[in-house]
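Take a look at the structure set out below.
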Number of protein chains: 2
Amino acid sequence: MLHAPSAPRYIQIREALLRRIQDGDLKPGEKLPSEDQLAAEFGVSRMTVRRSLDDLINAGLIYRRHGLGTFVSKTTIERDHSRLTDFFENCRLSGHVPGARLLHKEQKDALPHIARALGLQPGEPVIRLATLRSVDGAPITYHDAYLPAYRFPDLLEAEPATLGLDRQHVWQLIEAQGYTVANVVEKLEAQLAGKDVARLLKIKPGDPILYGQRVLYSDDGTPLKYADCYNRGDRFSLTVVLAR
Amino acid sequence: MLHAPSAPRYIQIREALLRRIQDGDLKPGEKLPSEDQLAAEFGVSRMTVRRSLDDLINAGLIYRRHGLGTFVSKTTIERDHSRLTDFFENCRLSGHVPGARLLHKEQKDALPHIARALGLQPGEPVIRLATLRSVDGAPITYHDAYLPAYRFPDLLEAEPATLGLDRQHVWQLIEAQGYTVANVVEKLEAQLAGKDVARLLKIKPGDPILYGQRVLYSDDGTPLKYADCYNRGDRFSLTVVLAR
DNA sequence: GAGTGGTCTAGACCACCCG
DNA sequence: GGGTGGTCTAGACCACTCG
């Protein structure tokens, strides 16, 4: 999280305040210095201070009360699981051992519902990357992803050993094409495991499955990836934050 | 969405631009006038225009490209389902008939996991509101909610006919106590229906259930409500947006 | 009244992208 | 070079909250 000395002042100030909060220098519920005081302390104008505070408010770390001041939030909501984070990193951070196996890498014709999600015509070529992800050696998620072939001409030739095994890696390939990964829209349902999925996840047909249809978008709204996700109901949970 | 004539200029401008996008006056992918042009058009400074645009960017409706301009997003992500919205309103908007029945309204001692979620000591009094929600006459969700009793002293005496039947209504009671509802954190899992839940939802034991533990927070991070939600797997799906 | 955040100005200079 | 957004200033006045 280091920034070059040339980073904008508002980012430097934001990081400085973030450190004070994380170090417990500013405790939950405690009042921050006023915007005027912060402006004087950092030697900037008040508008610049406000720009820094806006970021921290957006992250849910602080909140403002008109006429009273700015305060550190009481509960630091664990936003980690509600943000777009790497499966592998998340796993390791919680002290588990992630794993993955590439089951399919192929070019196919898009099925209608996949074409619709990706803004393609039915039958247009897509690249399929299917992986089985595991935690501590036991399978937990079957991930069946599709990307528009014309946007990722080099994907089929990419290193098979790591491809699809680390989302960060796929993201790097995506961003190397000039896209900026911005968000994922996921539709979640509860289902019962079918025969094929049950076999992959080493559960019984009829066991509960948290099924998600995920679409990955770039910041201009272009759909970049569609994926069917089958998560073991007994070992997988997803925490989301719905903001007003 | 009307604002008093005294609404801040940046809100007026934001709403004016929103209207142009929603009316198709500005089409997806199309470039907005430059910030200088908008400032001249609305007779404000550029900083005020940027304040308006920031809101629309935050809502995912437009995006900026340094050196190029500001553009309307290509896919207007249906954020409706990823925002905190009223069950009843959502339902009606999609052309369905929502319903609800209050099953329990009582004061109890908080169970340990509920106390922990609400920042209480185990055994502290909570108010339980359990409702069965339906769509087009068929039950879809069993909602078992708990609120700290000391924060809502008047809740038990509230009008039973409408209480818990419209989330907006409960929110109004919550906000009448001086809280500002800010977000919900929900942990989702796939489960199989047990006997009791199956009976309520008119499904068979062993049918799939999308189970969620919801905690409602005010903007200062105070937990205000805990709820167990049991959603019929065959008729309920939840769409979430994970931002980077 | 004093202190706080909410809004707004009228500029400035910089970095980025295009032709 | 010309147009765009990114950052930043040094003020101003208003609205809200508290004592």
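Chain identifiers are assigned as A, B, and so on, following the order in which chains appear in the structure tokens; residues are numbered from 1 within each chain, and ligands are numbered from 1 in order of appearance.
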
Wanna dump the chain C-chain A contacts at 9 Å for me, each residue with its shortest atom pair and the distance in Å to one decimal, counting only C-alpha atoms (C1' of nucleotides), ordered by chain and number, as CSV?
residue,atom,partner,partner_atom,distance
C:DG3,C1',A:Gly67,CA,7.6
C:DT4,C1',A:Gly67,CA,4.3
C:DG5,C1',A:His66,CA,4.8
C:DG6,C1',A:His66,CA,7.7

Next item on the list: Please return, as number ranges by chain, all residues of chain B lying within 7 Å of chain A when only C-alpha atoms are considered.
Entry: B: 63, 73-75, 82-84, 182-192, 208-210, 219-222, 233, 236-244

Go ahead and save the residues from that selection, with N, CA, C and O atoms, as a compact mmCIF listing (two decimals), in the first residue's frame.
# COMPACT_ATOMS: atom_id res chain seq x y z
N TYR B 63 -19.06 6.64 -16.63
CA TYR B 63 -17.68 6.41 -16.22
C TYR B 63 -16.80 7.45 -16.91
O TYR B 63 -17.16 8.00 -17.95
N SER B 73 -22.55 4.43 -19.29
CA SER B 73 -22.20 3.00 -19.24
C SER B 73 -23.00 2.23 -20.27
O SER B 73 -24.16 2.54 -20.54
N LYS B 74 -22.38 1.20 -20.82
CA LYS B 74 -23.03 0.43 -21.89
C LYS B 74 -24.13 -0.45 -21.34
O LYS B 74 -25.20 -0.52 -21.90
N THR B 75 -23.84 -1.17 -20.26
CA THR B 75 -24.90 -1.95 -19.63
C THR B 75 -25.29 -1.24 -18.36
O THR B 75 -24.47 -1.00 -17.50
N SER B 82 -29.33 -5.30 -6.00
CA SER B 82 -28.12 -5.32 -5.19
C SER B 82 -28.14 -4.19 -4.18
O SER B 82 -27.29 -4.11 -3.31
N ARG B 83 -29.11 -3.34 -4.32
CA ARG B 83 -29.28 -2.27 -3.33
C ARG B 83 -30.27 -2.73 -2.29
O ARG B 83 -31.03 -3.66 -2.48
N LEU B 84 -30.26 -2.04 -1.21
CA LEU B 84 -31.17 -2.31 -0.14
C LEU B 84 -32.52 -1.73 -0.54
O LEU B 84 -32.74 -0.53 -0.44
N ALA B 182 -28.13 2.16 7.01
CA ALA B 182 -27.09 2.35 6.01
C ALA B 182 -26.86 1.11 5.15
O ALA B 182 -26.76 1.21 3.95
N ASN B 183 -26.75 -0.04 5.76
CA ASN B 183 -26.48 -1.23 4.95
C ASN B 183 -26.84 -2.51 5.69
O ASN B 183 -27.12 -2.52 6.88
N VAL B 184 -26.84 -3.58 4.92
CA VAL B 184 -27.11 -4.91 5.45
C VAL B 184 -25.94 -5.80 5.07
O VAL B 184 -25.46 -5.76 3.94
N VAL B 185 -25.46 -6.58 6.03
CA VAL B 185 -24.47 -7.61 5.74
C VAL B 185 -25.18 -8.95 5.83
O VAL B 185 -25.82 -9.25 6.84
N GLU B 186 -25.11 -9.72 4.76
CA GLU B 186 -25.84 -10.98 4.71
C GLU B 186 -24.90 -12.12 4.36
O GLU B 186 -24.16 -12.05 3.39
N LYS B 187 -24.95 -13.16 5.20
CA LYS B 187 -24.16 -14.36 4.95
C LYS B 187 -25.09 -15.42 4.36
O LYS B 187 -26.07 -15.80 5.00
N LEU B 188 -24.78 -15.86 3.15
CA LEU B 188 -25.67 -16.75 2.42
C LEU B 188 -25.13 -18.17 2.36
O LEU B 188 -23.93 -18.38 2.17
N GLU B 189 -26.03 -19.12 2.50
CA GLU B 189 -25.66 -20.52 2.37
C GLU B 189 -26.80 -21.26 1.68
O GLU B 189 -27.94 -20.81 1.66
N ALA B 190 -26.46 -22.43 1.11
CA ALA B 190 -27.49 -23.34 0.60
C ALA B 190 -27.72 -24.40 1.66
O ALA B 190 -26.77 -24.96 2.19
N GLN B 191 -28.98 -24.65 1.97
CA GLN B 191 -29.32 -25.68 2.95
C GLN B 191 -30.49 -26.50 2.44
O GLN B 191 -31.11 -26.17 1.43
N LEU B 192 -30.78 -27.57 3.16
CA LEU B 192 -31.99 -28.34 2.89
C LEU B 192 -33.04 -27.94 3.91
O LEU B 192 -32.74 -27.69 5.07
N PRO B 208 -34.36 -27.55 -1.55
CA PRO B 208 -33.29 -26.58 -1.33
C PRO B 208 -33.80 -25.25 -0.79
O PRO B 208 -34.87 -24.78 -1.16
N ILE B 209 -33.00 -24.67 0.11
CA ILE B 209 -33.31 -23.40 0.76
C ILE B 209 -32.11 -22.49 0.62
O ILE B 209 -30.98 -22.91 0.87
N LEU B 210 -32.35 -21.25 0.23
CA LEU B 210 -31.29 -20.24 0.29
C LEU B 210 -31.42 -19.56 1.65
O LEU B 210 -32.36 -18.81 1.88
N ASP B 219 -25.55 3.97 10.00
CA ASP B 219 -24.37 4.48 9.32
C ASP B 219 -23.18 4.67 10.25
O ASP B 219 -22.06 4.82 9.79
N ASP B 220 -23.41 4.63 11.58
CA ASP B 220 -22.28 4.70 12.48
C ASP B 220 -21.80 3.31 12.87
O ASP B 220 -20.93 3.17 13.72
N GLY B 221 -22.37 2.29 12.24
CA GLY B 221 -21.90 0.93 12.46
C GLY B 221 -22.61 0.19 13.58
O GLY B 221 -22.23 -0.92 13.93
N THR B 222 -23.66 0.77 14.12
CA THR B 222 -24.42 0.10 15.18
C THR B 222 -25.32 -0.98 14.58
O THR B 222 -26.10 -0.69 13.68
N GLY B 233 -35.79 -22.25 -2.51
CA GLY B 233 -34.76 -22.32 -3.55
C GLY B 233 -35.33 -22.30 -4.95
O GLY B 233 -34.67 -21.82 -5.89
N PHE B 236 -36.76 -18.33 -5.48
CA PHE B 236 -36.06 -17.15 -4.99
C PHE B 236 -34.63 -17.12 -5.50
O PHE B 236 -33.90 -18.11 -5.43
N SER B 237 -34.21 -15.98 -6.01
CA SER B 237 -32.80 -15.78 -6.32
C SER B 237 -32.40 -14.38 -5.87
O SER B 237 -33.24 -13.49 -5.76
N LEU B 238 -31.14 -14.23 -5.57
CA LEU B 238 -30.63 -12.96 -5.07
C LEU B 238 -29.49 -12.51 -5.96
O LEU B 238 -28.56 -13.28 -6.21
N THR B 239 -29.59 -11.30 -6.48
CA THR B 239 -28.53 -10.79 -7.33
C THR B 239 -27.71 -9.79 -6.54
O THR B 239 -28.25 -8.87 -5.94
N VAL B 240 -26.40 -9.99 -6.52
CA VAL B 240 -25.52 -9.09 -5.78
C VAL B 240 -24.45 -8.54 -6.72
O VAL B 240 -24.15 -9.13 -7.74
N VAL B 241 -23.93 -7.40 -6.36
CA VAL B 241 -22.84 -6.80 -7.12
C VAL B 241 -21.63 -6.74 -6.21
O VAL B 241 -21.70 -6.20 -5.11
N LEU B 242 -20.55 -7.32 -6.65
CA LEU B 242 -19.30 -7.24 -5.92
C LEU B 242 -18.41 -6.25 -6.65
O LEU B 242 -18.07 -6.46 -7.81
N ALA B 243 -18.07 -5.15 -5.99
CA ALA B 243 -17.21 -4.14 -6.61
C ALA B 243 -15.77 -4.39 -6.19
O ALA B 243 -15.50 -4.96 -5.15
N ARG B 244 -14.90 -3.98 -7.07
CA ARG B 244 -13.49 -4.26 -6.82
C ARG B 244 -13.00 -3.48 -5.62
O ARG B 244 -13.38 -2.35 -5.42

Notebook entry, point to check: What residues in chain D have any atom no more than 10 Å from chain A when counting only C-alpha atoms (C1' of nucleotides), and can you write them as number ranges by chain?
Noted result: D: 6-11, 15-18

Could you turn the residues from that selection into a file that holds N, CA and C atoms (P, O5', C5', C4', C3', O3' and C1' of nucleotides), as a short mmCIF file (atom, residue, chain, number, x, y, z; two decimals), in the first residue's frame?
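Below is the file that was written, selection06.cif:
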data_model
loop_
_atom_site.label_atom_id
_atom_site.label_comp_id
_atom_site.auth_asym_id
_atom_site.auth_seq_id
_atom_site.Cartn_x
_atom_site.Cartn_y
_atom_site.Cartn_z
P DG D 6 -11.04 12.18 -14.11
"O5'" DG D 6 -9.65 12.92 -13.86
"C5'" DG D 6 -8.43 12.19 -13.94
"C4'" DG D 6 -7.44 12.69 -12.92
"C3'" DG D 6 -8.00 12.78 -11.50
"O3'" DG D 6 -6.99 12.37 -10.57
"C1'" DG D 6 -7.27 14.91 -12.20
P DT D 7 -7.27 12.48 -9.00
"O5'" DT D 7 -6.66 13.92 -8.66
"C5'" DT D 7 -5.26 14.10 -8.78
"C4'" DT D 7 -4.89 15.52 -8.46
"C3'" DT D 7 -5.19 15.96 -7.02
"O3'" DT D 7 -3.95 16.25 -6.39
"C1'" DT D 7 -5.80 17.63 -8.60
P DC D 8 -3.85 16.48 -4.82
"O5'" DC D 8 -4.20 18.02 -4.65
"C5'" DC D 8 -3.34 18.98 -5.27
"C4'" DC D 8 -3.93 20.37 -5.16
"C3'" DC D 8 -4.60 20.70 -3.81
"O3'" DC D 8 -3.65 21.44 -3.03
"C1'" DC D 8 -5.71 21.68 -5.72
P DT D 9 -4.14 22.22 -1.68
"O5'" DT D 9 -4.53 23.66 -2.23
"C5'" DT D 9 -3.62 24.34 -3.09
"C4'" DT D 9 -4.16 25.71 -3.42
"C3'" DT D 9 -4.67 26.51 -2.21
"O3'" DT D 9 -4.13 27.81 -2.25
"C1'" DT D 9 -6.34 26.44 -3.90
P DA D 10 -3.41 28.42 -0.95
"O5'" DA D 10 -4.37 29.61 -0.54
"C5'" DA D 10 -4.77 30.55 -1.55
"C4'" DA D 10 -6.12 31.13 -1.18
"C3'" DA D 10 -6.36 31.26 0.34
"O3'" DA D 10 -7.00 32.51 0.60
"C1'" DA D 10 -8.12 30.08 -0.63
P DG D 11 -7.01 33.12 2.03
"O5'" DG D 11 -8.38 32.62 2.69
"C5'" DG D 11 -9.44 33.49 2.74
"C4'" DG D 11 -10.36 33.32 1.54
"C3'" DG D 11 -11.83 33.41 1.89
"O3'" DG D 11 -12.22 34.75 1.99
"C1'" DG D 11 -11.42 31.71 0.27
P DA D 15 -29.34 28.27 5.08
"O5'" DA D 15 -28.85 26.94 5.80
"C5'" DA D 15 -28.58 25.79 5.02
"C4'" DA D 15 -28.39 24.60 5.93
"C3'" DA D 15 -29.39 24.49 7.07
"O3'" DA D 15 -29.64 23.12 7.29
"C1'" DA D 15 -27.22 24.73 7.96
P DC D 16 -30.75 22.63 8.34
"O5'" DC D 16 -29.89 21.96 9.49
"C5'" DC D 16 -28.98 20.91 9.17
"C4'" DC D 16 -28.04 20.71 10.33
"C3'" DC D 16 -28.75 20.52 11.68
"O3'" DC D 16 -28.53 19.19 12.10
"C1'" DC D 16 -26.87 22.01 11.83
P DT D 17 -29.21 18.62 13.46
"O5'" DT D 17 -28.17 19.00 14.60
"C5'" DT D 17 -26.88 18.38 14.62
"C4'" DT D 17 -26.08 18.91 15.79
"C3'" DT D 17 -26.83 18.85 17.13
"O3'" DT D 17 -26.05 18.08 18.03
"C1'" DT D 17 -25.81 20.97 16.79
P DC D 18 -26.68 17.59 19.43
"O5'" DC D 18 -25.89 18.51 20.48
"C5'" DC D 18 -24.46 18.60 20.39
"C4'" DC D 18 -24.01 19.83 21.14
"C3'" DC D 18 -24.63 19.98 22.52
"O3'" DC D 18 -23.62 19.87 23.51
"C1'" DC D 18 -24.62 22.05 21.30
#

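For the pair CA of Leu155 in chain A and CA of Leu200 in chain A, the interatomic distance is 24.8 Å.
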
Check: Could you state the separation of CA of Trp171 in chain A and CA of Pro148 in chain A in Å, given to one decimal place?
Finding: 14.3 Å

Next item on the list: as JSON, numbers by chain, please: all residues of range 181-216 of chain A that backbone DSSP puts in helix (DSSP H, G or I).
Entry: {"A": [195, 196, 197, 198, 199, 200, 201]}

Saved selection, atoms kept: C-alpha atoms, as an mmCIF file, in the first residue's frame:
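Written output follows (part28.cif):
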data_model
loop_
_atom_site.group_PDB
_atom_site.id
_atom_site.type_symbol
_atom_site.label_atom_id
_atom_site.label_comp_id
_atom_site.auth_asym_id
_atom_site.auth_seq_id
_atom_site.Cartn_x
_atom_site.Cartn_y
_atom_site.Cartn_z
ATOM 1 C CA LYS A 195 -25.076 -36.309 -10.660
ATOM 2 C CA ASP A 196 -22.168 -34.660 -12.484
ATOM 3 C CA VAL A 197 -21.652 -31.818 -10.035
ATOM 4 C CA ALA A 198 -22.005 -34.191 -7.083
ATOM 5 C CA ARG A 199 -19.265 -36.412 -8.477
ATOM 6 C CA LEU A 200 -16.903 -33.459 -8.970
ATOM 7 C CA LEU A 201 -17.530 -32.017 -5.510
#

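With CA of Gln107 in chain B on one side and CA of Val135 in chain B on the other, the separation reads 28.3 Å.
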
Skipping near chain neighbours, those fewer than 6 positions away, what residues fall within 7 Å of Gly99 in chain B using only C-alpha atoms (C1' of nucleotides), listed as a PDB file with N, CA, C and O atoms, in the first residue's frame?
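To be explicit, this is the file written out as around.pdb:
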ATOM      1  N   ARG B 133     -43.413 -14.231   4.172  1.00  0.00           N
ATOM      2  CA  ARG B 133     -43.653 -13.372   3.011  1.00  0.00           C
ATOM      3  C   ARG B 133     -44.018 -14.220   1.812  1.00  0.00           C
ATOM      4  O   ARG B 133     -43.481 -15.308   1.621  1.00  0.00           O
ATOM      5  N   SER B 134     -44.907 -13.676   0.999  1.00  0.00           N
ATOM      6  CA  SER B 134     -45.373 -14.452  -0.141  1.00  0.00           C
ATOM      7  C   SER B 134     -45.410 -13.596  -1.393  1.00  0.00           C
ATOM      8  O   SER B 134     -45.420 -12.370  -1.329  1.00  0.00           O
ATOM      9  N   VAL B 135     -45.385 -14.267  -2.523  1.00  0.00           N
ATOM     10  CA  VAL B 135     -45.511 -13.607  -3.817  1.00  0.00           C
ATOM     11  C   VAL B 135     -46.630 -14.294  -4.580  1.00  0.00           C
ATOM     12  O   VAL B 135     -46.630 -15.526  -4.706  1.00  0.00           O
ATOM     13  N   GLY B 137     -49.432 -14.975  -3.686  1.00  0.00           N
ATOM     14  CA  GLY B 137     -50.181 -15.898  -2.852  1.00  0.00           C
ATOM     15  C   GLY B 137     -49.410 -17.105  -2.357  1.00  0.00           C
ATOM     16  O   GLY B 137     -49.875 -17.798  -1.461  1.00  0.00           O
TER      17      GLY B 137
END

Check: Where does DSSP see strand (DSSP E) in range 38-233 of chain B, if you list the residues as a ChimeraX atom specification?
Finding: /B:62-65,69-72,98-109,125-135,138-148,181-192,208-218,223-232

Next item on the list: Tell me, as a list in words, which residues lie within 10 Å of Leu111 in chain B, counting only C-alpha atoms (C1' of nucleotides); anything in the same chain fewer than 2 positions away does not count.
Entry: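 Within the cut-off, the hits are Lys108, Asp109, His113, Ile114, Ala115, Arg116, Leu120, Gln121, Pro122, Gly123, Glu124, Pro125 and Val126 of chain B.
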
Could those selected residues go to a file with C-alpha atoms, as an mmCIF file, in the first residue's frame?
data_model
loop_
_atom_site.group_PDB
_atom_site.id
_atom_site.type_symbol
_atom_site.label_atom_id
_atom_site.label_comp_id
_atom_site.auth_asym_id
_atom_site.auth_seq_id
_atom_site.Cartn_x
_atom_site.Cartn_y
_atom_site.Cartn_z
ATOM 1 C CA LYS B 108 -37.305 -12.821 24.370
ATOM 2 C CA ASP B 109 -33.855 -13.307 25.840
ATOM 3 C CA HIS B 113 -25.289 -15.907 18.342
ATOM 4 C CA ILE B 114 -27.966 -13.226 18.108
ATOM 5 C CA ALA B 115 -26.526 -11.332 21.062
ATOM 6 C CA ARG B 116 -23.100 -11.441 19.442
ATOM 7 C CA LEU B 120 -25.513 -7.462 23.364
ATOM 8 C CA GLN B 121 -24.818 -9.701 26.338
ATOM 9 C CA PRO B 122 -26.398 -13.161 26.006
ATOM 10 C CA GLY B 123 -29.797 -13.105 27.623
ATOM 11 C CA GLU B 124 -30.413 -9.403 27.107
ATOM 12 C CA PRO B 125 -33.957 -8.773 25.909
ATOM 13 C CA VAL B 126 -34.667 -8.637 22.164
#
